[in-house]
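Dumped start11.pdb below, it's PDB, C-alpha atoms, pLDDT in the B column:
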```pdb
ATOM      1  CA  MET A  73       0.000   0.000   0.000  1.00 65.00           C
ATOM      2  CA  VAL A  74       1.228   3.465  -0.867  1.00 77.00           C
ATOM      3  CA  LYS A  75      -0.440   6.749  -0.050  1.00 80.00           C
ATOM      4  CA  ALA A  76       0.465   9.439  -2.555  1.00 85.00           C
ATOM      5  CA  TYR A  77      -0.748  12.959  -3.079  1.00 87.00           C
ATOM      6  CA  ARG A  78       0.091  15.985  -5.175  1.00 93.00           C
ATOM      7  CA  GLN A  79      -0.374  19.644  -4.426  1.00 94.00           C
ATOM      8  CA  GLU A  80       0.222  22.771  -6.404  1.00 96.00           C
ATOM      9  CA  HIS A  81       0.534  26.264  -4.979  1.00 96.00           C
ATOM     10  CA  VAL A  82       1.149  29.599  -6.682  1.00 97.00           C
ATOM     11  CA  TYR A  83       3.311  32.124  -4.868  1.00 96.00           C
ATOM     12  CA  LYS A  84       2.620  35.616  -6.132  1.00 97.00           C
ATOM     13  CA  HIS A  85       6.322  36.377  -5.886  1.00 97.00           C
ATOM     14  CA  PRO A  86       9.114  36.012  -8.445  1.00 97.00           C
ATOM     15  CA  TRP A  87      11.059  32.766  -8.658  1.00 97.00           C
ATOM     16  CA  GLU A  88      14.247  34.326  -7.253  1.00 96.00           C
ATOM     17  CA  ARG A  89      12.429  35.484  -4.114  1.00 96.00           C
ATOM     18  CA  VAL A  90      10.645  32.164  -3.553  1.00 97.00           C
ATOM     19  CA  THR A  91      13.811  30.112  -3.929  1.00 96.00           C
ATOM     20  CA  SER A  92      15.653  32.481  -1.557  1.00 94.00           C
ATOM     21  CA  ALA A  93      12.811  31.969   0.927  1.00 94.00           C
ATOM     22  CA  SER A  94      13.150  28.199   0.528  1.00 94.00           C
ATOM     23  CA  TRP A  95      16.767  28.373   1.723  1.00 92.00           C
ATOM     24  CA  ARG A  96      15.744  30.497   4.727  1.00 89.00           C
ATOM     25  CA  LYS A  97      12.680  28.459   5.658  1.00 89.00           C
ATOM     26  CA  PHE A  98      14.380  26.387   8.356  1.00 87.00           C
ATOM     27  CA  ALA A  99      16.968  28.972   9.456  1.00 82.00           C
ATOM     28  CA  ASP A 100      14.655  31.744  10.660  1.00 77.00           C
ATOM     29  CA  PRO A 101      14.132  31.432  14.449  1.00 78.00           C
ATOM     30  CA  GLU A 102      10.566  32.725  14.152  1.00 79.00           C
ATOM     31  CA  ASN A 103       9.714  29.734  11.953  1.00 78.00           C
ATOM     32  CA  LYS A 104      10.734  27.203  14.608  1.00 80.00           C
ATOM     33  CA  ARG A 105       7.432  27.837  16.371  1.00 79.00           C
ATOM     34  CA  ILE A 106       5.391  27.184  13.213  1.00 82.00           C
ATOM     35  CA  LEU A 107       7.530  24.327  11.909  1.00 84.00           C
ATOM     36  CA  SER A 108       7.909  22.675  15.313  1.00 83.00           C
ATOM     37  CA  HIS A 109       8.181  19.221  13.702  1.00 84.00           C
ATOM     38  CA  ILE A 110      11.589  20.248  12.259  1.00 88.00           C
ATOM     39  CA  LEU A 111      14.178  19.621  14.973  1.00 90.00           C
ATOM     40  CA  ASP A 112      17.473  20.228  13.142  1.00 92.00           C
ATOM     41  CA  VAL A 113      18.839  20.992   9.667  1.00 94.00           C
ATOM     42  CA  ASP A 114      22.487  20.623   8.653  1.00 95.00           C
ATOM     43  CA  THR A 115      24.058  21.231   5.255  1.00 95.00           C
ATOM     44  CA  LEU A 116      26.167  18.198   4.390  1.00 97.00           C
ATOM     45  CA  ASN A 117      27.572  19.501   1.128  1.00 97.00           C
ATOM     46  CA  HIS A 118      26.992  21.945  -1.665  1.00 95.00           C
ATOM     47  CA  SER A 119      28.737  22.356  -4.969  1.00 97.00           C
ATOM     48  CA  LEU A 120      28.416  24.501  -8.038  1.00 97.00           C
ATOM     49  CA  ASP A 121      28.966  22.844 -11.406  1.00 96.00           C
ATOM     50  CA  PRO A 122      30.924  25.491 -13.322  1.00 94.00           C
ATOM     51  CA  SER A 123      29.966  24.131 -16.742  1.00 94.00           C
ATOM     52  CA  SER A 124      26.195  24.014 -16.170  1.00 95.00           C
ATOM     53  CA  GLY A 125      25.914  26.651 -13.441  1.00 94.00           C
ATOM     54  CA  LYS A 126      23.752  24.295 -11.368  1.00 97.00           C
ATOM     55  CA  LEU A 127      23.953  24.331  -7.575  1.00 97.00           C
ATOM     56  CA  TYR A 128      23.734  20.927  -5.871  1.00 98.00           C
ATOM     57  CA  THR A 129      23.059  20.764  -2.133  1.00 98.00           C
ATOM     58  CA  THR A 130      22.488  17.945   0.341  1.00 98.00           C
ATOM     59  CA  ARG A 131      21.019  18.618   3.774  1.00 97.00           C
ATOM     60  CA  ALA A 132      20.274  16.363   6.740  1.00 97.00           C
ATOM     61  CA  ILE A 133      16.923  17.105   8.360  1.00 95.00           C
ATOM     62  CA  THR A 134      15.833  15.696  11.704  1.00 94.00           C
ATOM     63  CA  ILE A 135      12.083  15.730  12.297  1.00 90.00           C
ATOM     64  CA  HIS A 136       9.614  14.675  14.929  1.00 84.00           C
ATOM     65  CA  CYS A 137       8.115  11.446  13.576  1.00 76.00           C
ATOM     66  CA  PRO A 138       4.872  11.910  11.688  1.00 61.00           C
ATOM     67  CA  GLY A 139       1.895   9.691  12.221  1.00 61.00           C
ATOM     68  CA  PRO A 140      -0.140   8.472  15.138  1.00 62.00           C
ATOM     69  CA  TRP A 141       1.386   8.044  18.605  1.00 64.00           C
ATOM     70  CA  PHE A 142       0.922   4.270  18.578  1.00 63.00           C
ATOM     71  CA  VAL A 143       3.137   3.941  15.481  1.00 62.00           C
ATOM     72  CA  ARG A 144       5.890   5.888  17.254  1.00 62.00           C
ATOM     73  CA  ARG A 145       5.426   3.554  20.242  1.00 68.00           C
ATOM     74  CA  ILE A 146       5.774   0.449  18.008  1.00 65.00           C
ATOM     75  CA  VAL A 147       8.820   1.899  16.233  1.00 66.00           C
ATOM     76  CA  GLY A 148      10.383   3.002  19.513  1.00 70.00           C
ATOM     77  CA  GLN A 149      11.506   6.403  18.199  1.00 76.00           C
ATOM     78  CA  ASP A 150      10.116   9.910  18.209  1.00 81.00           C
ATOM     79  CA  ILE A 151      12.572  11.290  15.651  1.00 87.00           C
ATOM     80  CA  CYS A 152      13.336  10.528  12.035  1.00 88.00           C
ATOM     81  CA  HIS A 153      16.382  11.476   9.986  1.00 94.00           C
ATOM     82  CA  CYS A 154      15.909  12.557   6.374  1.00 95.00           C
ATOM     83  CA  VAL A 155      18.140  13.637   3.520  1.00 98.00           C
ATOM     84  CA  GLU A 156      17.140  16.460   1.203  1.00 97.00           C
ATOM     85  CA  SER A 157      18.883  16.770  -2.166  1.00 98.00           C
ATOM     86  CA  SER A 158      18.351  19.907  -4.193  1.00 98.00           C
ATOM     87  CA  VAL A 159      19.306  21.158  -7.629  1.00 98.00           C
ATOM     88  CA  VAL A 160      19.026  24.831  -8.488  1.00 98.00           C
ATOM     89  CA  ASP A 161      19.342  25.795 -12.128  1.00 97.00           C
ATOM     90  CA  ALA A 162      19.378  29.603 -12.183  1.00 93.00           C
ATOM     91  CA  GLN A 163      19.756  29.617 -15.959  1.00 94.00           C
ATOM     92  CA  SER A 164      16.456  27.806 -16.584  1.00 95.00           C
ATOM     93  CA  ARG A 165      14.979  29.153 -13.296  1.00 97.00           C
ATOM     94  CA  SER A 166      14.146  25.795 -11.767  1.00 97.00           C
ATOM     95  CA  MET A 167      14.649  24.459  -8.242  1.00 98.00           C
ATOM     96  CA  GLN A 168      14.002  20.815  -7.384  1.00 98.00           C
ATOM     97  CA  LEU A 169      14.137  19.284  -3.913  1.00 98.00           C
ATOM     98  CA  THR A 170      13.816  15.586  -3.070  1.00 98.00           C
ATOM     99  CA  SER A 171      13.585  14.425   0.547  1.00 96.00           C
ATOM    100  CA  ARG A 172      13.670  10.836   1.800  1.00 97.00           C
ATOM    101  CA  ASN A 173      13.794   9.322   5.233  1.00 94.00           C
ATOM    102  CA  ILE A 174      16.995   7.417   5.987  1.00 94.00           C
ATOM    103  CA  SER A 175      15.972   6.174   9.412  1.00 89.00           C
ATOM    104  CA  LEU A 176      12.954   3.999  10.147  1.00 84.00           C
ATOM    105  CA  GLN A 177      13.087   2.601   6.604  1.00 85.00           C
ATOM    106  CA  LYS A 178      12.098  -0.873   7.718  1.00 81.00           C
ATOM    107  CA  PHE A 179       8.837   0.642   9.009  1.00 79.00           C
ATOM    108  CA  ILE A 180       8.039   3.558   6.702  1.00 82.00           C
ATOM    109  CA  GLU A 181       9.268   5.046   3.432  1.00 90.00           C
ATOM    110  CA  VAL A 182       8.550   8.684   2.689  1.00 91.00           C
ATOM    111  CA  GLU A 183       9.612  10.546  -0.415  1.00 95.00           C
ATOM    112  CA  GLU A 184       8.734  14.166  -1.053  1.00 95.00           C
ATOM    113  CA  LYS A 185       9.519  16.045  -4.242  1.00 97.00           C
ATOM    114  CA  ILE A 186       9.091  19.803  -4.555  1.00 97.00           C
ATOM    115  CA  ARG A 187       9.682  21.831  -7.674  1.00 98.00           C
ATOM    116  CA  TYR A 188       9.666  25.634  -8.043  1.00 98.00           C
ATOM    117  CA  ASP A 189       9.309  27.126 -11.527  1.00 98.00           C
ATOM    118  CA  PRO A 190       8.184  30.481 -12.915  1.00 98.00           C
ATOM    119  CA  HIS A 191       4.419  30.500 -13.438  1.00 98.00           C
ATOM    120  CA  PRO A 192       3.580  30.164 -17.159  1.00 97.00           C
ATOM    121  CA  ASP A 193       1.025  33.025 -17.030  1.00 97.00           C
ATOM    122  CA  ASN A 194       3.313  35.466 -15.180  1.00 98.00           C
ATOM    123  CA  PRO A 195       6.900  34.136 -15.309  1.00 97.00           C
ATOM    124  CA  ASN A 196       8.504  37.278 -13.868  1.00 96.00           C
ATOM    125  CA  GLY A 197       6.033  37.796 -11.042  1.00 97.00           C
ATOM    126  CA  TRP A 198       4.730  34.424  -9.836  1.00 97.00           C
ATOM    127  CA  THR A 199       6.163  31.027  -8.960  1.00 98.00           C
ATOM    128  CA  VAL A 200       4.410  27.684  -9.152  1.00 98.00           C
ATOM    129  CA  CYS A 201       5.296  25.093  -6.523  1.00 97.00           C
ATOM    130  CA  GLN A 202       4.496  21.462  -7.262  1.00 97.00           C
ATOM    131  CA  GLN A 203       4.738  19.030  -4.365  1.00 95.00           C
ATOM    132  CA  GLU A 204       4.419  15.260  -4.593  1.00 95.00           C
ATOM    133  CA  THR A 205       4.584  12.992  -1.539  1.00 92.00           C
ATOM    134  CA  ARG A 206       4.543   9.190  -1.305  1.00 92.00           C
ATOM    135  CA  ILE A 207       4.162   7.345   2.000  1.00 87.00           C
ATOM    136  CA  ARG A 208       4.453   3.587   2.437  1.00 85.00           C
ATOM    137  CA  ILE A 209       4.023   1.786   5.735  1.00 77.00           C
ATOM    138  CA  LYS A 210       5.930  -1.504   5.427  1.00 74.00           C
ATOM    139  CA  PRO A 211       5.291  -3.929   8.287  1.00 62.00           C
ATOM    140  CA  LEU A 212       1.564  -3.383   8.188  1.00 53.00           C
ATOM    141  CA  SER A 213       1.174  -4.391   4.562  1.00 48.00           C
ATOM    142  CA  ALA A 214      -0.230  -7.759   5.667  1.00 49.00           C
ATOM    143  CA  LEU A 215      -2.963  -5.851   7.466  1.00 56.00           C
ATOM    144  CA  ALA A 216      -4.056  -3.713   4.535  1.00 60.00           C
ATOM    145  CA  SER A 217      -6.822  -1.802   6.296  1.00 61.00           C
ATOM    146  CA  MET A 218      -4.537  -0.899   9.224  1.00 62.00           C
ATOM    147  CA  ALA A 219      -1.737   0.128   6.872  1.00 65.00           C
ATOM    148  CA  GLU A 220      -4.162   2.266   4.898  1.00 70.00           C
ATOM    149  CA  LYS A 221      -5.334   4.045   8.062  1.00 72.00           C
ATOM    150  CA  VAL A 222      -1.785   4.709   9.232  1.00 71.00           C
ATOM    151  CA  GLU A 223      -0.759   5.941   5.779  1.00 73.00           C
ATOM    152  CA  GLN A 224      -3.820   8.206   5.710  1.00 75.00           C
ATOM    153  CA  ARG A 225      -2.942   9.653   9.120  1.00 77.00           C
ATOM    154  CA  CYS A 226       0.653  10.240   8.021  1.00 76.00           C
ATOM    155  CA  ALA A 227      -0.568  11.898   4.816  1.00 78.00           C
ATOM    156  CA  GLU A 228      -2.869  14.166   6.827  1.00 81.00           C
ATOM    157  CA  ARG A 229       0.070  15.211   9.005  1.00 79.00           C
ATOM    158  CA  PHE A 230       2.207  15.914   5.926  1.00 78.00           C
ATOM    159  CA  LEU A 231      -0.593  18.014   4.429  1.00 81.00           C
ATOM    160  CA  GLN A 232      -0.914  20.007   7.661  1.00 83.00           C
ATOM    161  CA  ASN A 233       2.839  20.584   7.738  1.00 83.00           C
ATOM    162  CA  SER A 234       2.926  21.633   4.080  1.00 86.00           C
ATOM    163  CA  VAL A 235       0.323  24.325   4.837  1.00 85.00           C
ATOM    164  CA  LYS A 236       2.579  25.570   7.642  1.00 87.00           C
ATOM    165  CA  GLY A 237       5.534  25.497   5.249  1.00 87.00           C
ATOM    166  CA  ARG A 238       3.667  27.625   2.703  1.00 88.00           C
ATOM    167  CA  GLU A 239       2.764  30.126   5.439  1.00 89.00           C
ATOM    168  CA  VAL A 240       6.431  30.394   6.371  1.00 89.00           C
ATOM    169  CA  MET A 241       7.454  30.771   2.725  1.00 90.00           C
ATOM    170  CA  GLU A 242       4.896  33.570   2.200  1.00 91.00           C
ATOM    171  CA  ARG A 243       6.119  35.410   5.287  1.00 90.00           C
ATOM    172  CA  ILE A 244       9.759  35.158   4.201  1.00 92.00           C
ATOM    173  CA  CYS A 245       8.875  36.266   0.650  1.00 92.00           C
ATOM    174  CA  LYS A 246       7.127  39.351   2.040  1.00 91.00           C
ATOM    175  CA  TYR A 247      10.123  40.064   4.248  1.00 89.00           C
ATOM    176  CA  LEU A 248      12.481  39.722   1.251  1.00 90.00           C
ATOM    177  CA  GLU A 249      10.201  41.966  -0.821  1.00 90.00           C
ATOM    178  CA  ALA A 250      10.272  44.663   1.892  1.00 88.00           C
ATOM    179  CA  GLU A 251      14.026  44.254   2.239  1.00 85.00           C
ATOM    180  CA  SER A 252      14.597  44.699  -1.514  1.00 80.00           C
ATOM    181  CA  SER A 253      12.244  47.702  -1.618  1.00 77.00           C
ATOM    182  CA  SER A 254      14.160  49.468   1.144  1.00 73.00           C
ATOM    183  CA  LEU A 255      17.457  48.759  -0.643  1.00 66.00           C
ATOM    184  CA  ALA A 256      16.084  50.296  -3.839  1.00 59.00           C
ATOM    185  CA  LEU A 257      15.416  53.617  -2.085  1.00 51.00           C
TER     186      LEU A 257
END
```
Translate the structure of the given file into C-alpha cells.
Amino acid sequence: MVKAYRQEHVYKHPWERVTSASWRKFADPENKRILSHILDVDTLNHSLDPSSGKLYTTRAITIHCPGPWFVRRIVGQDICHCVESSVVDAQSRSMQLTSRNISLQKFIEVEEKIRYDPHPDNPNGWTVCQQETRIRIKPLSALASMAEKVEQRCAERFLQNSVKGREVMERICKYLEAESSSLAL
C-alpha cells in the first residue's frame, strides 16, 4: 500500500524570491514555532557545477516522527532522519528538492519532491510550486486496512505541515520583498 498525493501552490512572488525563501525556511528562528516538527537541519555539502551553473546541495533534516502516537510507540523512536537533495538551475529558473527518510526505513518510506518554476502566465512575477509525496508503511502491509489508516494519518500530518511550510514561505517572501524595496530607495 502506498499513499500518494500531489499539491500545487502559486506564490505571487518572483522565482528568485521564492527560492531564496526556501533556503531560509528552516533557518529563521521565528519559523521554529510554526515548523515545530523540524528539529534540526544541517548542510552536508553543496557544490556549483561550473559548466552548467547548477547548484547541488544535500542537507540532513531531523524531524519529529509523523503519524499516530501508537506507530511511534511500536517503532520506539520519536525522531526521524531525512536527507534532502536539491538542484538549483538559475539559468532555466528551476529548483528541485527531493527528501527521503533514511531512518525507520524498515517501518516507513517517505519521499517528497518539490519543484519551483516560474508560473507560465506570469513568469517574472509568480512562482508555481508542485509538491508530490509518497508514504508507504511496510510492516503493516499484511494488514491492509490498518496500513491504509496509518498511511492516511501520516498523509494528513504531511498536508498540515505543508500548509505551515507555505505560510512560512509567504512570510519570508514578504520580508524579502520589503528588504529589496528598502534597498532600492
Around stretch 149-160 of chain A, fit a box with edges along x, y and z, padding it by 5 Å on each side, then list its centre and edge lengths in Å to one decimal as lines of an AutoDock Vina configuration file.
```
center_x = 14.7
center_y = 15.6
center_z = 4.9
size_x = 19.2
size_y = 28.4
size_z = 36.7
```
Starting from the PyMOL selection byres ((chain A and resi 152) around 12), expand the selection into actual residues of this file and give them as a PyMOL selection string. chain A and resi 109-112+132-139+144+147-151+153-155+172-177+179-182
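Comparing the minimum interatomic distances between A:Thr91 and each of A:Thr199, A:Asn103, A:Gln163, A:Ser157, counting all atoms listed in the file, we find that A:Thr199 sits nearest.
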Pick from A:Arg89, A:Lys236, A:Arg243, A:Lys185: nearest to A:Tyr77, with all atoms listed in the file counted?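 So, comparing all the options, the nearest one is A:Lys185.
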Please return as a ChimeraX atom specification every residue within 9 Å of (8.5, 31.5, 3.1), taking into account all atoms listed in the file and the file's own coordinates. /A:90-97,237-247
Residues in the PyMOL selection byres ((chain A and resi 128) around 8), expressed as a ChimeraX atom specification: /A:118-121,126-127,129-130,157-160
Please evaluate the PyMOL selection byres ((chain A and resi 75) around 8) against the displayed coordinates and give the resulting residues as a PyMOL selection string. chain A and resi 73-74+76-77+206-208+220+223-224+227
Based on the selection just made, write C-alpha atoms of those residues as a PDB file, keeping the file's coordinate frame.
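Contents of the output file result.pdb:
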```pdb
ATOM      1  CA  MET A  73       0.000   0.000   0.000  1.00 65.00           C
ATOM      2  CA  VAL A  74       1.228   3.465  -0.867  1.00 77.00           C
ATOM      3  CA  ALA A  76       0.465   9.439  -2.555  1.00 85.00           C
ATOM      4  CA  TYR A  77      -0.748  12.959  -3.079  1.00 87.00           C
ATOM      5  CA  ARG A 206       4.543   9.190  -1.305  1.00 92.00           C
ATOM      6  CA  ILE A 207       4.162   7.345   2.000  1.00 87.00           C
ATOM      7  CA  ARG A 208       4.453   3.587   2.437  1.00 85.00           C
ATOM      8  CA  GLU A 220      -4.162   2.266   4.898  1.00 70.00           C
ATOM      9  CA  GLU A 223      -0.759   5.941   5.779  1.00 73.00           C
ATOM     10  CA  GLN A 224      -3.820   8.206   5.710  1.00 75.00           C
ATOM     11  CA  ALA A 227      -0.568  11.898   4.816  1.00 78.00           C
TER      12      ALA A 227
END
```
Point-to-point distance in Å for atom CA of A:Arg225 and atom CA of A:Pro101: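 The value is 28.2 Å.
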Pick out the residues sitting within 12 Å of A:Ser164, and hand them over as a list of chain:residue names; count only C-alpha atoms, and ignore anything fewer than 3 positions along from it in its own chain.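 So the residues in contact are A:Trp87, A:Glu88, A:Ser124, A:Gly125, A:Lys126, A:Val159, A:Val160, A:Asp161, A:Met167, A:Gln168, A:Tyr188, A:Asp189, A:Pro190, A:Pro195.
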Output C-alpha atoms for every residue in the selection just made, as an mmCIF file, in the frame of the given file.
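Saved result, again-v7.cif, follows:
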```cif
data_model
loop_
_atom_site.group_PDB
_atom_site.id
_atom_site.type_symbol
_atom_site.label_atom_id
_atom_site.label_comp_id
_atom_site.auth_asym_id
_atom_site.auth_seq_id
_atom_site.Cartn_x
_atom_site.Cartn_y
_atom_site.Cartn_z
ATOM 1 C CA TRP A 87 11.059 32.766 -8.658
ATOM 2 C CA GLU A 88 14.247 34.326 -7.253
ATOM 3 C CA SER A 124 26.195 24.014 -16.170
ATOM 4 C CA GLY A 125 25.914 26.651 -13.441
ATOM 5 C CA LYS A 126 23.752 24.295 -11.368
ATOM 6 C CA VAL A 159 19.306 21.158 -7.629
ATOM 7 C CA VAL A 160 19.026 24.831 -8.488
ATOM 8 C CA ASP A 161 19.342 25.795 -12.128
ATOM 9 C CA MET A 167 14.649 24.459 -8.242
ATOM 10 C CA GLN A 168 14.002 20.815 -7.384
ATOM 11 C CA TYR A 188 9.666 25.634 -8.043
ATOM 12 C CA ASP A 189 9.309 27.126 -11.527
ATOM 13 C CA PRO A 190 8.184 30.481 -12.915
ATOM 14 C CA PRO A 195 6.900 34.136 -15.309
#
```
Grab the atom CA of A:Arg105 to atom CA of A:Gln79 distance for me, in Å with one decimal place.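 Atom-to-atom, atom CA of A:Arg105 to atom CA of A:Gln79, that is 23.7 Å.
Closest approach to A:Glu184 among A:Ala162, A:Leu116, A:Leu169, A:Cys226 is made by A:Leu169 (distances from only C-alpha atoms).
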Atom pair atom CA of A:Ser166 / atom CA of A:Arg229: separation (Å):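 One can read the atom CA of A:Ser166 to atom CA of A:Arg229 distance as 27.2 Å.
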Closest of A:Gln232, A:Ala99, A:Val82, A:Ile106 to A:Asn194 - atom-to-atom distances counting all atoms listed in the file: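 Of the candidates, the smallest distance to A:Asn194 is held by A:Val82.
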Write out as a VMD selection string each polymer residue whose atoms come within 6 Å of A:His85, counting all atoms listed in the file; drop sequence neighbours fewer than 2 positions from it. chain A and resid 83 197 to 198
Would you mind writing stretch 168-177 of chain A with all heavy atoms, as a compact mmCIF listing (two decimals), keeping the file's coordinate frame?
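What landed in part.txt:
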```
# COMPACT_ATOMS: atom_id res chain seq x y z
N GLN A 168 14.62 22.10 -7.70
CA GLN A 168 14.00 20.82 -7.38
C GLN A 168 14.59 20.29 -6.08
O GLN A 168 15.80 20.28 -5.91
CB GLN A 168 14.27 19.81 -8.50
CG GLN A 168 13.71 20.22 -9.84
CD GLN A 168 14.09 19.23 -10.92
OE1 GLN A 168 13.97 18.03 -10.75
NE2 GLN A 168 14.56 19.75 -12.03
N LEU A 169 13.72 19.87 -5.19
CA LEU A 169 14.14 19.28 -3.91
C LEU A 169 13.52 17.90 -3.79
O LEU A 169 12.35 17.72 -4.09
CB LEU A 169 13.65 20.13 -2.74
CG LEU A 169 14.13 21.58 -2.71
CD1 LEU A 169 13.03 22.50 -3.14
CD2 LEU A 169 14.60 21.93 -1.33
N THR A 170 14.31 16.93 -3.34
CA THR A 170 13.82 15.59 -3.07
C THR A 170 14.26 15.21 -1.67
O THR A 170 15.45 15.27 -1.36
CB THR A 170 14.37 14.57 -4.08
OG1 THR A 170 13.99 14.98 -5.40
CG2 THR A 170 13.83 13.18 -3.82
N SER A 171 13.29 14.83 -0.83
CA SER A 171 13.58 14.42 0.55
C SER A 171 13.14 12.99 0.75
O SER A 171 12.07 12.60 0.28
CB SER A 171 12.85 15.32 1.54
OG SER A 171 13.22 16.66 1.37
N ARG A 172 13.98 12.22 1.47
CA ARG A 172 13.67 10.84 1.80
C ARG A 172 14.10 10.56 3.23
O ARG A 172 15.12 11.09 3.68
CB ARG A 172 14.44 9.88 0.89
CG ARG A 172 14.02 9.88 -0.54
CD ARG A 172 14.85 8.86 -1.34
NE ARG A 172 14.42 8.81 -2.71
CZ ARG A 172 14.93 9.56 -3.68
NH1 ARG A 172 15.89 10.40 -3.43
NH2 ARG A 172 14.47 9.45 -4.91
N ASN A 173 13.34 9.73 3.90
CA ASN A 173 13.79 9.32 5.23
C ASN A 173 14.91 8.30 5.08
O ASN A 173 14.89 7.46 4.19
CB ASN A 173 12.64 8.78 6.07
CG ASN A 173 12.03 7.52 5.50
OD1 ASN A 173 11.59 7.49 4.35
ND2 ASN A 173 11.98 6.46 6.31
N ILE A 174 15.90 8.40 5.97
CA ILE A 174 17.00 7.42 5.99
C ILE A 174 16.95 6.58 7.26
O ILE A 174 17.59 5.55 7.33
CB ILE A 174 18.38 8.07 5.81
CG1 ILE A 174 18.63 9.13 6.88
CG2 ILE A 174 18.52 8.65 4.41
CD1 ILE A 174 20.05 9.64 6.92
N SER A 175 16.19 7.02 8.24
CA SER A 175 15.97 6.17 9.41
C SER A 175 14.54 5.65 9.35
O SER A 175 13.72 6.17 8.59
CB SER A 175 16.22 6.95 10.71
OG SER A 175 15.29 7.99 10.87
N LEU A 176 14.28 4.63 10.08
CA LEU A 176 12.95 4.00 10.15
C LEU A 176 12.51 3.37 8.83
O LEU A 176 11.33 3.09 8.64
CB LEU A 176 11.89 5.00 10.62
CG LEU A 176 12.18 5.75 11.92
CD1 LEU A 176 11.09 6.76 12.20
CD2 LEU A 176 12.33 4.78 13.07
N GLN A 177 13.45 3.12 7.91
CA GLN A 177 13.09 2.60 6.60
C GLN A 177 12.47 1.21 6.64
O GLN A 177 11.73 0.85 5.74
CB GLN A 177 14.29 2.61 5.66
CG GLN A 177 14.66 3.99 5.20
CD GLN A 177 15.78 3.96 4.19
OE1 GLN A 177 16.56 3.02 4.13
NE2 GLN A 177 15.86 5.00 3.39
```
